[in-house]
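Peer 1: Structure: my_file_1.txt, compact mmCIF, C-alpha atoms.
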# COMPACT_ATOMS: atom_id res chain seq x y z
CA PRO I 20 -32.00 -43.98 -88.17
CA PRO I 21 -34.00 -46.49 -90.23
CA ARG I 22 -37.72 -45.82 -90.38
CA LYS I 23 -39.82 -48.16 -88.28
CA LEU I 24 -42.22 -50.08 -90.48
CA ASN I 25 -45.77 -50.19 -89.19
CA ALA I 26 -47.22 -53.64 -88.68
CA GLY I 27 -50.37 -54.59 -90.52
CA VAL I 28 -53.62 -53.50 -88.92
CA SER I 29 -55.70 -56.49 -87.94
CA PHE I 30 -58.95 -56.95 -86.10
CA GLY I 31 -60.39 -60.34 -85.26
CA ALA I 32 -63.81 -61.90 -84.86
CA GLU I 33 -64.09 -60.69 -81.26
CA HIS I 34 -63.72 -57.09 -82.42
CA PHE I 35 -66.22 -57.43 -85.24
CA ALA I 36 -68.71 -59.04 -82.82
CA GLU I 37 -68.80 -55.95 -80.60
CA THR I 38 -71.82 -54.65 -82.48
CA SER I 39 -73.45 -54.61 -85.91
CA TYR I 40 -74.40 -52.21 -88.68
CA TYR I 41 -77.81 -51.13 -89.86
CA PHE I 42 -78.81 -48.83 -92.72
CA GLU I 43 -81.29 -46.00 -92.45
CA GLY I 44 -81.98 -42.89 -94.51
CA GLY I 45 -78.97 -43.41 -96.77
CA LEU I 46 -76.65 -43.76 -93.77
CA ARG I 47 -74.57 -46.62 -92.38
CA LYS I 48 -75.12 -46.70 -88.63
CA VAL I 49 -73.55 -48.63 -85.77
CA ARG I 50 -75.63 -49.94 -82.89
CA PRO I 51 -74.33 -48.53 -79.57
CA TYR I 52 -72.14 -50.94 -77.63
CA TYR I 53 -70.02 -51.27 -74.51
CA PHE I 54 -66.31 -50.90 -75.04
CA ASP I 55 -63.17 -50.96 -72.90
CA PHE I 56 -60.68 -48.13 -73.24
CA ARG I 57 -57.33 -48.88 -71.65
CA THR I 58 -54.10 -47.11 -70.76
CA TYR I 59 -51.02 -47.60 -68.65
CA CYS I 60 -50.26 -45.02 -65.99
CA LYS I 61 -48.56 -41.99 -67.52
CA GLY I 62 -45.29 -40.96 -65.91
CA ARG I 63 -46.72 -37.67 -64.70
CA TRP I 64 -49.53 -39.52 -62.89
CA VAL I 65 -47.20 -41.57 -60.66
CA GLY I 66 -47.64 -40.64 -57.00
CA ARG I 67 -50.93 -38.85 -57.65
CA SER I 68 -54.39 -40.09 -56.72
CA LEU I 69 -56.92 -41.07 -59.36
CA LEU I 70 -59.20 -38.34 -58.03
CA HIS I 71 -56.46 -35.74 -58.48
CA VAL I 72 -55.72 -36.90 -62.03
CA PHE I 73 -59.39 -36.83 -62.99
CA GLY I 74 -59.94 -33.44 -61.37
CA THR I 75 -56.91 -31.66 -62.83
CA GLU I 76 -56.29 -33.21 -66.25
CA PHE I 77 -59.67 -34.48 -67.40
CA ARG I 78 -62.23 -31.83 -66.59
CA ALA I 79 -64.62 -32.72 -69.39
CA GLN I 80 -66.53 -34.76 -66.80
CA PRO I 81 -67.51 -33.78 -63.26
CA LEU I 82 -65.90 -35.81 -60.50
CA ALA I 83 -69.38 -37.21 -59.84
CA TYR I 84 -69.08 -39.13 -63.08
CA TYR I 85 -65.91 -40.90 -62.02
CA ARG I 86 -67.37 -41.72 -58.61
CA ALA I 87 -70.47 -43.15 -60.27
CA ALA I 88 -68.35 -45.09 -62.76
CA ALA I 89 -66.33 -46.53 -59.89
CA ARG I 90 -69.49 -47.57 -58.03
CA ALA I 91 -70.71 -49.21 -61.22
CA GLY I 92 -67.52 -51.26 -61.56
CA ARG I 93 -66.56 -49.55 -64.77
CA LEU I 94 -63.19 -48.30 -63.56
CA ARG I 95 -60.60 -51.01 -63.01
CA LEU I 96 -57.02 -50.64 -61.86
CA ASN I 97 -54.80 -53.65 -62.61
CA GLU I 98 -58.04 -55.52 -63.38
CA GLU I 99 -59.43 -54.88 -59.89
CA PRO I 100 -62.54 -52.69 -59.46
CA VAL I 101 -61.68 -49.21 -58.23
CA ARG I 102 -63.64 -48.49 -55.05
CA ASP I 103 -61.68 -45.51 -53.78
CA LEU I 104 -60.60 -42.72 -56.11
CA ASP I 105 -58.06 -41.62 -53.51
CA ILE I 106 -55.90 -44.59 -54.47
CA VAL I 107 -52.37 -43.46 -55.43
CA LEU I 108 -51.10 -44.49 -58.85
CA LYS I 109 -47.83 -46.36 -59.30
CA ASN I 110 -45.58 -46.90 -62.29
CA ASN I 111 -46.99 -49.46 -64.78
CA ASP I 112 -50.48 -49.38 -63.23
CA PHE I 113 -53.03 -50.46 -65.84
CA LEU I 114 -56.33 -48.57 -66.00
CA ARG I 115 -59.44 -49.79 -67.82
CA ASN I 116 -62.69 -47.89 -68.28
CA THR I 117 -65.84 -49.38 -69.77
CA VAL I 118 -68.04 -46.93 -71.67
CA HIS I 119 -71.21 -47.00 -73.70
CA ARG I 120 -70.00 -46.08 -77.15
CA HIS I 121 -71.99 -44.34 -79.90
CA GLU I 122 -70.45 -43.82 -83.35
CA PRO I 123 -71.39 -41.07 -85.81
CA PRO I 124 -73.18 -42.28 -88.94
CA VAL I 125 -71.44 -42.33 -92.31
CA THR I 126 -72.77 -42.52 -95.83
CA ALA I 127 -74.28 -45.85 -96.82
CA GLN I 128 -72.36 -45.85 -100.09
CA PRO I 129 -70.47 -49.16 -100.29
CA ILE I 130 -66.70 -49.47 -100.45
CA ARG I 131 -65.96 -50.57 -104.00
CA ILE I 132 -62.90 -52.78 -104.56
CA LEU I 133 -61.04 -51.51 -107.63
CA ALA I 134 -58.26 -54.13 -107.68
CA GLU I 135 -56.95 -56.98 -105.56
CA ASP I 136 -54.10 -59.48 -105.91
CA GLU I 137 -51.67 -61.24 -103.61
CA GLU I 138 -49.83 -57.97 -102.94
CA VAL I 139 -52.36 -55.15 -102.68
CA VAL I 140 -56.02 -54.26 -102.37
CA VAL I 141 -57.24 -50.98 -103.84
CA VAL I 142 -60.63 -49.52 -102.98
CA ASP I 143 -62.78 -46.54 -103.90
CA LYS I 144 -63.37 -44.95 -100.49
CA PRO I 145 -66.68 -43.16 -99.93
CA SER I 146 -66.69 -39.72 -98.38
CA SER I 147 -67.22 -39.46 -94.58
CA LEU I 148 -65.38 -42.72 -93.78
CA PRO I 149 -62.09 -42.50 -91.84
CA VAL I 150 -59.46 -45.05 -92.82
CA HIS I 151 -58.53 -46.34 -89.34
CA PRO I 152 -60.47 -46.46 -86.08
CA CYS I 153 -59.89 -43.20 -84.27
CA GLY I 154 -61.71 -40.70 -82.12
CA ARG I 155 -65.40 -41.64 -82.11
CA PHE I 156 -65.07 -43.94 -85.14
CA ARG I 157 -64.27 -47.66 -84.90
CA HIS I 158 -66.72 -49.87 -86.81
CA ASN I 159 -67.60 -47.08 -89.24
CA THR I 160 -64.10 -47.13 -90.77
CA VAL I 161 -62.59 -48.53 -93.95
CA ILE I 162 -60.40 -51.01 -92.05
CA PHE I 163 -63.30 -52.45 -90.05
CA ILE I 164 -65.68 -52.68 -93.00
CA LEU I 165 -63.07 -54.37 -95.20
CA GLY I 166 -62.34 -56.87 -92.46
CA LYS I 167 -65.92 -57.53 -91.43
CA GLU I 168 -67.63 -57.54 -94.84
CA HIS I 169 -64.82 -58.54 -97.20
CA GLY I 170 -62.60 -60.73 -95.02
CA LEU I 171 -59.56 -58.50 -95.68
CA ARG I 172 -57.21 -58.48 -92.69
CA GLU I 173 -53.60 -57.57 -91.83
CA LEU I 174 -53.65 -54.58 -94.18
CA HIS I 175 -50.76 -52.11 -94.33
CA THR I 176 -51.71 -48.49 -94.96
CA LEU I 177 -49.68 -46.99 -97.81
CA HIS I 178 -51.29 -43.55 -97.91
CA ARG I 179 -54.27 -41.82 -96.39
CA LEU I 180 -57.24 -39.72 -97.39
CA ASP I 181 -59.10 -37.15 -95.33
CA ARG I 182 -62.25 -38.57 -93.83
CA MET I 183 -64.38 -36.36 -96.09
CA THR I 184 -62.33 -37.14 -99.22
CA SER I 185 -63.41 -40.00 -101.46
CA GLY I 186 -61.46 -41.99 -104.01
CA VAL I 187 -58.54 -44.34 -104.59
CA LEU I 188 -57.12 -45.82 -101.41
CA MET I 189 -54.41 -48.48 -101.54
CA PHE I 190 -53.33 -51.08 -98.95
CA ALA I 191 -50.45 -53.55 -99.01
CA LYS I 192 -51.11 -57.12 -97.91
CA THR I 193 -47.57 -57.85 -96.73
CA ALA I 194 -44.79 -55.98 -94.98
CA ALA I 195 -42.48 -56.56 -97.95
CA VAL I 196 -44.86 -54.84 -100.36
CA SER I 197 -45.42 -52.04 -97.89
CA LYS I 198 -41.66 -51.50 -97.59
CA ARG I 199 -41.20 -51.45 -101.36
CA ILE I 200 -43.90 -48.86 -101.94
CA ASP I 201 -42.79 -46.85 -98.91
CA GLU I 202 -39.41 -46.54 -100.59
CA GLN I 203 -41.12 -45.07 -103.66
CA VAL I 204 -42.87 -42.56 -101.41
CA ARG I 205 -39.56 -41.42 -99.91
CA GLN I 206 -38.01 -41.11 -103.38
CA ARG I 207 -41.03 -39.10 -104.58
CA GLN I 208 -41.85 -41.62 -107.28
CA LEU I 209 -45.58 -41.60 -106.52
CA GLU I 210 -48.10 -39.41 -108.29
CA LYS I 211 -51.50 -38.52 -106.89
CA GLU I 212 -54.24 -36.85 -108.86
CA TYR I 213 -57.42 -35.41 -107.39
CA VAL I 214 -60.49 -33.77 -108.83
CA CYS I 215 -62.74 -31.29 -107.06
CA ARG I 216 -65.53 -28.78 -107.65
CA VAL I 217 -64.78 -25.27 -106.44
CA VAL I 218 -66.63 -21.99 -106.06
CA GLY I 219 -66.50 -19.57 -108.99
CA GLU I 220 -64.61 -19.44 -112.28
CA PHE I 221 -61.17 -20.93 -111.75
CA PRO I 222 -58.43 -19.54 -114.07
CA GLU I 223 -58.03 -21.37 -117.37
CA HIS I 224 -54.23 -21.44 -117.12
CA GLU I 225 -52.32 -23.77 -114.81
CA VAL I 226 -52.00 -22.42 -111.26
CA VAL I 227 -49.21 -23.40 -108.89
CA CYS I 228 -49.67 -22.68 -105.18
CA GLU I 229 -46.65 -22.95 -102.89
CA GLU I 230 -47.98 -21.30 -99.74
CA PRO I 231 -46.72 -22.94 -96.49
CA ILE I 232 -49.39 -24.55 -94.32
CA LEU I 233 -49.68 -24.38 -90.53
CA VAL I 234 -51.96 -26.50 -88.34
CA VAL I 235 -54.25 -24.28 -86.28
CA SER I 236 -55.94 -27.06 -84.29
CA TYR I 237 -55.40 -30.80 -84.24
CA LYS I 238 -58.50 -31.24 -82.12
CA VAL I 239 -60.93 -29.64 -84.56
CA GLY I 240 -58.77 -30.31 -87.59
CA VAL I 241 -58.10 -26.86 -89.05
CA CYS I 242 -55.10 -25.53 -91.00
CA ARG I 243 -54.27 -22.24 -92.70
CA VAL I 244 -51.59 -20.61 -94.81
CA ASP I 245 -48.84 -19.10 -92.67
CA PRO I 246 -45.15 -18.22 -93.27
CA LYS I 247 -44.29 -20.38 -90.24
CA GLY I 248 -45.99 -23.41 -91.77
CA LYS I 249 -44.53 -26.38 -93.62
CA PRO I 250 -43.50 -25.91 -97.28
CA CYS I 251 -45.76 -27.48 -99.87
CA GLN I 252 -46.78 -27.27 -103.51
CA THR I 253 -49.99 -28.00 -105.45
CA LEU I 254 -50.65 -27.72 -109.19
CA PHE I 255 -54.19 -26.90 -110.35
CA GLN I 256 -55.74 -27.22 -113.82
CA ARG I 257 -59.32 -26.24 -114.66
CA LEU I 258 -61.32 -28.95 -116.41
CA SER I 259 -64.69 -27.22 -116.81
CA TYR I 260 -66.85 -24.29 -115.68
CA ASN I 261 -70.65 -24.34 -115.57
CA GLY I 262 -71.30 -20.67 -114.86
CA SER I 263 -71.13 -20.90 -111.07
CA SER I 264 -68.54 -23.52 -110.15
CA SER I 265 -65.46 -25.12 -111.71
CA VAL I 266 -64.13 -28.67 -111.82
CA VAL I 267 -60.40 -28.61 -111.12
CA ARG I 268 -57.67 -31.24 -111.38
CA CYS I 269 -55.28 -31.13 -108.41
CA LEU I 270 -51.74 -32.50 -108.40
CA PRO I 271 -50.20 -32.25 -104.91
CA ARG I 272 -46.41 -32.47 -104.93
CA THR I 273 -46.28 -32.73 -101.14
CA GLY I 274 -48.63 -34.28 -98.63
CA ARG I 275 -49.55 -31.77 -95.95
CA THR I 276 -52.73 -32.03 -93.95
CA HIS I 277 -55.66 -30.55 -95.91
CA GLN I 278 -53.18 -29.20 -98.46
CA ILE I 279 -55.49 -29.09 -101.48
CA ARG I 280 -58.37 -27.62 -99.48
CA VAL I 281 -56.25 -24.91 -97.84
CA HIS I 282 -54.55 -23.90 -101.10
CA LEU I 283 -57.88 -23.65 -102.91
CA GLN I 284 -59.26 -21.48 -100.12
CA PHE I 285 -56.17 -19.24 -100.31
CA LEU I 286 -56.71 -18.86 -104.07
CA GLY I 287 -60.28 -17.73 -103.47
CA HIS I 288 -61.88 -20.88 -104.85
CA PRO I 289 -62.75 -23.13 -101.89
CA ILE I 290 -64.38 -26.49 -102.50
CA VAL I 291 -68.12 -25.89 -102.95
CA ASN I 292 -69.26 -27.87 -99.90
CA ASP I 293 -66.13 -27.92 -97.75
CA PRO I 294 -67.39 -28.04 -94.12
CA ILE I 295 -64.27 -26.26 -92.84
CA TYR I 296 -62.69 -24.01 -95.46
CA ASN I 297 -65.85 -22.65 -97.11
CA MET I 298 -67.53 -21.30 -93.99
CA GLU I 299 -68.58 -17.78 -92.95
CA ALA I 300 -66.28 -18.03 -89.92
CA TRP I 301 -63.31 -17.22 -92.17
CA GLY I 302 -64.72 -13.75 -92.90
CA PRO I 303 -66.40 -12.11 -95.89
CA ASP I 304 -63.70 -13.33 -98.28
CA ARG I 305 -63.74 -16.88 -96.84
CA GLY I 306 -59.99 -16.75 -96.17
CA LYS I 307 -58.94 -15.70 -99.67
CA GLY I 308 -55.33 -14.56 -99.76
CA GLY I 309 -54.90 -15.65 -96.16
CA LYS I 310 -56.98 -12.70 -94.93
CA ILE I 311 -58.97 -13.90 -91.94
CA GLY I 312 -59.11 -10.97 -89.54
CA LYS I 313 -59.29 -13.23 -86.50
CA THR I 314 -56.89 -14.82 -84.09
CA ASP I 315 -56.64 -18.59 -84.25
CA GLU I 316 -58.73 -18.86 -81.09
CA GLU I 317 -61.42 -16.57 -82.51
CA LEU I 318 -61.43 -18.53 -85.77
CA LEU I 319 -61.88 -21.89 -84.03
CA LYS I 320 -64.64 -20.52 -81.83
CA ALA I 321 -66.45 -19.08 -84.85
CA LEU I 322 -66.15 -22.34 -86.81
CA VAL I 323 -67.47 -24.40 -83.93
CA GLU I 324 -70.34 -21.99 -83.27
CA GLU I 325 -71.30 -21.96 -86.95
CA HIS I 326 -71.55 -25.76 -87.02
CA ARG I 327 -73.23 -25.87 -83.62
CA SER I 328 -75.90 -23.46 -84.86
CA LYS I 329 -76.50 -25.74 -87.83
CA GLN I 330 -76.44 -28.86 -85.61
CA SER I 331 -73.66 -30.18 -87.83
CA LEU I 332 -70.76 -30.88 -85.46
CA GLU I 333 -71.11 -34.52 -86.51
CA VAL I 334 -70.03 -33.52 -90.02
CA LEU I 335 -66.71 -32.41 -88.52
CA GLY I 336 -66.37 -35.79 -86.84
CA ILE I 337 -66.41 -34.21 -83.39
CA GLY I 338 -68.89 -33.94 -80.56
CA GLU I 339 -69.38 -31.63 -77.61
CA GLU I 340 -67.20 -33.95 -75.50
CA ASP I 341 -64.27 -33.42 -77.87
CA LEU I 342 -64.58 -29.67 -77.45
CA ASN I 343 -64.71 -29.95 -73.66
CA SER I 344 -61.71 -32.24 -73.25
CA SER I 345 -58.29 -31.05 -72.19
CA GLY I 346 -55.68 -29.46 -74.39
CA GLU I 347 -54.41 -29.65 -77.91
CA SER I 348 -52.04 -32.41 -78.96
CA LYS I 349 -48.83 -32.65 -80.86
CA ASP I 350 -48.73 -33.51 -84.53
CA CYS I 351 -49.07 -37.27 -84.83
CA GLY I 352 -47.09 -37.22 -88.06
CA ASN I 353 -49.70 -38.46 -90.50
CA SER I 354 -49.58 -36.28 -93.57
CA GLY I 355 -52.72 -37.31 -95.35
CA ASP I 356 -55.63 -37.03 -92.97
CA CYS I 357 -54.60 -36.98 -89.36
CA THR I 358 -55.67 -33.95 -87.37
CA LYS I 359 -55.71 -35.12 -83.77
CA SER I 360 -53.73 -37.46 -81.56
CA ALA I 361 -55.05 -39.94 -79.01
CA GLU I 362 -52.62 -38.47 -76.49
CA ALA I 363 -54.78 -35.34 -76.43
CA ASP I 364 -57.02 -36.85 -73.77
CA PRO I 365 -56.41 -40.51 -72.89
CA ILE I 366 -59.18 -40.52 -70.28
CA ASN I 367 -61.98 -38.83 -72.18
CA GLY I 368 -61.10 -40.36 -75.50
CA SER I 369 -60.78 -37.30 -77.72
CA SER I 370 -58.40 -38.39 -80.42
CA CYS I 371 -57.45 -38.24 -84.04
CA PRO I 372 -60.43 -38.30 -86.39
CA ALA I 373 -58.25 -39.92 -88.94
CA GLU I 374 -55.64 -42.45 -87.93
CA ASP I 375 -54.88 -43.28 -84.32
CA GLU I 376 -56.08 -46.70 -83.32
CA LYS I 377 -53.64 -48.85 -85.27
CA ASP I 378 -53.28 -51.47 -82.55
CA PRO I 379 -56.57 -52.94 -81.31
CA LYS I 380 -54.81 -54.05 -78.11
CA ARG I 381 -53.65 -50.55 -77.19
CA ASN I 382 -56.44 -48.13 -76.46
CA ASP I 383 -56.72 -45.13 -74.22
CA VAL I 384 -59.17 -44.86 -71.38
CA ALA I 385 -62.22 -42.85 -72.37
CA ALA I 386 -65.46 -41.67 -70.84
CA SER I 387 -68.66 -40.22 -72.24
CA PRO I 388 -69.52 -36.65 -71.24
CA LEU I 389 -72.27 -36.04 -68.76
CA ASN I 390 -75.43 -34.07 -68.64
CA SER I 391 -75.81 -31.84 -65.62
CA ASP I 392 -79.47 -32.76 -65.19
CA ILE I 393 -78.70 -36.20 -63.76
CA ASN I 394 -77.70 -36.71 -60.14
CA LEU I 395 -74.86 -39.18 -60.44
CA GLU I 396 -74.21 -39.23 -56.74
CA THR I 397 -77.59 -40.78 -56.02
CA LEU I 398 -77.81 -43.31 -58.83
CA ASP I 399 -78.31 -46.77 -57.45
CA ARG I 400 -75.46 -48.98 -58.59
CA ASP I 401 -77.25 -52.32 -58.53
CA LYS I 402 -80.46 -51.15 -60.16
CA GLU I 403 -79.34 -48.54 -62.65
CA LEU I 404 -75.62 -48.78 -63.30
CA SER I 405 -75.24 -52.39 -64.34
CA LEU I 406 -73.36 -53.05 -67.53
CA CYS I 407 -76.12 -55.14 -69.05
CA GLY I 408 -74.23 -58.33 -68.31
CA ASN I 409 -70.90 -56.72 -69.10
CA GLN I 410 -69.33 -56.90 -65.64
CA ASP I 411 -66.69 -59.29 -66.93
CA GLY I 412 -65.35 -56.50 -69.10
CA GLN I 413 -66.46 -58.06 -72.38
CA THR I 414 -68.06 -55.86 -74.97
CA GLY I 415 -71.15 -56.70 -76.95
CA GLU I 416 -74.40 -55.66 -78.57
CA LYS I 417 -76.29 -55.72 -75.28
CA GLY I 418 -75.65 -51.99 -75.08
CA TRP I 419 -78.14 -51.51 -77.92
CA GLU I 420 -80.98 -53.01 -75.91
CA GLU I 421 -81.28 -50.42 -73.14
CA LYS I 422 -80.30 -46.91 -72.17
CA ASP I 423 -77.17 -46.39 -70.13
CA PRO I 424 -77.67 -43.93 -67.26
CA LEU I 425 -74.04 -42.75 -67.43
CA CYS I 426 -74.13 -42.13 -71.19
CA VAL I 427 -75.04 -38.64 -72.36
CA GLU I 428 -75.56 -39.92 -75.92
CA CYS I 429 -78.42 -42.12 -74.68
CA ARG I 430 -80.16 -39.00 -73.38
CA THR I 431 -79.31 -36.73 -76.29
CA SER I 432 -81.58 -36.25 -79.26
CA ARG I 433 -79.72 -34.98 -82.32
CA ARG I 434 -80.60 -34.96 -85.96
CA ASP I 435 -78.80 -37.24 -88.36
CA PRO I 436 -76.75 -35.60 -91.08
CA SER I 437 -78.18 -36.08 -94.55
CA PRO I 438 -76.14 -38.21 -96.99
CA LYS I 439 -75.61 -35.00 -98.97
CA GLU I 440 -73.93 -33.34 -95.98
CA LEU I 441 -71.48 -36.24 -95.74
CA VAL I 442 -70.15 -35.84 -99.28
CA MET I 443 -67.45 -33.30 -100.01
CA PHE I 444 -66.55 -32.59 -103.63
CA LEU I 445 -62.92 -33.75 -103.43
CA HIS I 446 -62.01 -37.10 -104.94
CA ALA I 447 -58.72 -38.99 -105.29
CA LEU I 448 -58.88 -39.96 -108.94
CA ARG I 449 -55.53 -41.65 -109.57
CA TYR I 450 -52.64 -43.15 -107.60
CA LYS I 451 -49.54 -44.06 -109.63
CA GLY I 452 -46.20 -45.60 -108.69
CA ALA I 453 -43.18 -46.96 -110.53
CA ASP I 454 -44.90 -50.24 -111.37
CA PHE I 455 -48.60 -49.63 -110.79
CA GLU I 456 -51.41 -47.23 -111.55
CA TYR I 457 -54.95 -47.31 -110.16
CA CYS I 458 -57.84 -45.07 -111.15
CA SER I 459 -61.45 -44.65 -110.12
CA SER I 460 -64.27 -43.32 -112.25
CA MET I 461 -65.04 -39.63 -112.29
CA PRO I 462 -67.66 -38.78 -109.62
CA GLU I 463 -71.06 -37.60 -110.78
CA TRP I 464 -70.57 -34.10 -109.37
CA ALA I 465 -67.42 -33.66 -111.52
CA MET I 466 -69.24 -34.13 -114.81
CA GLU I 467 -69.22 -31.05 -117.03
CA ASP I 468 -73.03 -30.93 -117.31
CA TRP I 469 -73.68 -31.56 -113.59
CA GLU I 470 -76.14 -29.24 -111.89
CA GLU I 471 -76.70 -28.99 -108.15
Could you render the structure from this file as structure tokens?
Peer 2:
Amino acid sequence: PPRKLNAGVSFGAEHFAETSYYFEGGLRKVRPYYFDFRTYCKGRWVGRSLLHVFGTEFRAQPLAYYRAAARAGRLRLNEEPVRDLDIVLKNNDFLRNTVHRHEPPVTAQPIRILAEDEEVVVVDKPSSLPVHPCGRFRHNTVIFILGKEHGLRELHTLHRLDRMTSGVLMFAKTAAVSKRIDEQVRQRQLEKEYVCRVVGEFPEHEVVCEEPILVVSYKVGVCRVDPKGKPCQTLFQRLSYNGSSSVVRCLPRTGRTHQIRVHLQFLGHPIVNDPIYNMEAWGPDRGKGGKIGKTDEELLKALVEEHRSKQSLEVLGIGEEDLNSSGESKDCGNSGDCTKSAEADPINGSSCPAEDEKDPKRNDVAASPLNSDINLETLDRDKELSLCGNQDGQTGEKGWEEKDPLCVECRTSRRDPSPKELVMFLHALRYKGADFEYCSSMPEWAMEDWEE
């Protein structure tokens, strides 16, 4: 069947007005704001009560949270406030949940526009920025920043980069251009070139890695080499060696999730500051040769615990609520940087850290996790659970002005990541098609005389 062409991603003034940015300590931050997550009743929910659905499928929150949210007017069914969680759901019921939303900070490095004409816009994406709104990220994304600060709207994504990968990122301005370049992708006429800095002395000769890659977890975003994985190929060429680390050119011939990073780890030369594939959790050899010595479950637990001990879960783009939500999801089909799907937990909002929220009108219902030290059953609705003037369901910056008693983020004190922690030494240097070629400058860390 013909491939369905994605419509352009567009956000309007009402979306940009939800909140604002501020800059602090080398980071771009988003002021907390109220936001509506929405979903239609899933088929498996029909005939079940809201209380039953919350209690069996979405256990990241205690039932006390949902009762408190209902008393506060934050849960609406078919645009009517939910007063009784015993209400039975019907087909096509529409559920809306208003939450107090906090976004992780990203690097304050600006998005540099490399080229723009009537057909395309090409940018140099900073590390730590996801391309589309997804998971906990909305305003701190390339799409939102380009729309809000550069007036660029209705953009069509042509390819993707991992959130932690920097470099050349290309968008089409029209569906016709998107279709033309998409055809080049299918005919393998596109060339992508990356540069990275890896641990140790990489071989001087060209290295070709063709190990198949399997996704271990879409929720956390972890892959590994496995015979049951998808076939792929990456060519590597060493550019320089400074006595402790090497700069390597990477030419991926396929586009699997984390392909370059996983292949480099398998070769025994992981990216110097890779927050996933250069961690102690992979064992003494850091996963070299595919030797891990752990089950997938043990590996994920070790990775999470290692970041939790360093207070660096934010670097992974996940929070405690993501780890507590229900189930893994299916592959959402994005080859470049998608590791989770919004269908993983449409109530608690755990979703793809890369590319889920393509339609601003279609969002899943989400809720913030709760702290056990607050008695939600006794919170006074009128005095403490108001939406700061948000009872009409509209979002806005009012959420920045006061603490929300249902929001665990408002009561959580966590350190900000340093700008250095948000930069991974993997950069998309060149993107070439049949009738175009775009390049960015070599990053500072890739210079031959660079010292950490």
Peer 1: As an exercise, work out the distance from CA of Leu258 in chain I to CA of Glu229 in chain I in Å and give it to one decimal place.
Peer 2: 20.8 Å
Peer 1: If you take only C-alpha atoms and a cut-off of 9 Å, which residues of range 74-101 of chain I touch range 117-137 of chain I, and what are their nearest atom pairs and distances in Å to one decimal, in chain and number order, as a Markdown table?
Peer 2:
| residue | atom | partner | partner_atom | distance |
| --- | --- | --- | --- | --- |
| I:Ala88 | CA | I:Thr117 | CA | 8.6 |
| I:Gly92 | CA | I:Thr117 | CA | 8.6 |
| I:Arg93 | CA | I:Thr117 | CA | 5.1 |
| I:Leu94 | CA | I:Thr117 | CA | 6.8 |
| I:Arg95 | CA | I:Thr117 | CA | 8.7 |
Peer 1: Go through I:Gly262, I:Pro250, I:Pro149, I:Pro271 one by one, measure the shortest atom-to-atom distance of each to Val226 in chain I using only C-alpha atoms, and give the residue with the smallest value.
Peer 2: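 Selected residue with least distance to Val226 in chain I: I:Pro271.
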Peer 1: Compile the contact shell of Ala32 in chain I as a ChimeraX atom specification: residues with an atom at most 12 Å away, counting only C-alpha atoms, same-chain residues fewer than 6 positions apart removed.
Peer 2: /I:38,163,166-168,170,172,415
Peer 1: Within 8 Å of (-79.1, -31.6, -101.3), only C-alpha atoms: residues as a list of chain:residue names?
Peer 2: I:Lys439, I:Glu440, I:Glu471
Peer 1: For each of I:Ser264, I:Pro145, I:Cys228, I:Phe113, take the minimum atom-to-atom distance to Asp468 in chain I, counting all atoms listed in the file, then give the residue where this is smallest.
Peer 2: I:Ser264
Peer 1: For range 88-148 of chain I against range 53-68 of chain I, with a cut-off of 8 Å and counting all atoms listed in the file, what is the closest atom pair and its distance in Å to one decimal for every residue that makes the cut, ordered by chain and number, as a tab-separated table?
Peer 2:
residue	atom	partner	partner_atom	distance
I:Leu104	CA	I:Ser68	CA	6.8
I:Asp105	CA	I:Ser68	CA	5.1
I:Ile106	CA	I:Ser68	CA	5.3
I:Val107	CA	I:Ser68	CA	4.1
I:Leu108	CA	I:Val65	CA	5.2
I:Lys109	CA	I:Val65	CA	5.0
I:Asn110	CA	I:Val65	CA	5.8
I:Asn111	CA	I:Cys60	CA	5.6
I:Asp112	CA	I:Cys60	CA	5.2
I:Phe113	CA	I:Tyr59	CA	4.5
I:Leu114	CA	I:Thr58	CA	5.5
I:Arg115	CA	I:Arg57	CA	4.5
I:Asn116	CA	I:Phe56	CA	5.4
I:Thr117	CA	I:Asp55	CA	4.4
I:Val118	CA	I:Phe54	CA	5.5
I:His119	CA	I:Tyr53	CA	4.5
I:Arg120	CA	I:Tyr53	CA	5.8
Peer 1: Using all atoms listed in the file, determine which residues lie at most 8 Å from Lys249 in chain I, disregarding the query and same-chain residues fewer than 6 positions distant; provide the list as a list in words.
Peer 2: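 The filter keeps Pro231, Ile232, Leu233 and Arg275 of chain I.
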Peer 1: With all atoms listed in the file as the basis for distance, which of I:Arg199, I:Lys320, I:Arg157, I:His151 is at the shortest distance from Glu37 in chain I?
Peer 2: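 Looking at the shortest contact to Glu37 in chain I, the residue is I:Arg157.
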Peer 1: Go through I:Gln252, I:Asn292, I:Leu209, I:Tyr260 and flag the residue nearest Gln278 in chain I, using all atoms listed in the file for the distances.
Peer 2: I:Gln252
Peer 1: Give the answer as one residue: which of I:Lys313, I:Arg272, I:Asp423, I:Met189 has the shortest atom-to-atom distance to Phe455 in chain I, using only C-alpha atoms?
Peer 2: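 Nearest to Phe455 in chain I: I:Met189.
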Peer 1: Would you kindly return, as a ChimeraX atom specification, each protein, DNA or RNA residue with an atom no farther than 12 Å from any atom of Gln203 in chain I, considering only C-alpha atoms and excluding same-chain residues fewer than 2 positions away?
Peer 2: /I:177-178,196-201,205-210,451-455
Peer 1: Mind giving me the straight-line distance from CA of Lys192 in chain I to CA of Tyr450 in chain I in Å, one decimal?
Peer 2: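 Computing the Euclidean distance for CA of Lys192 in chain I and CA of Tyr450 in chain I yields 17.1 Å.
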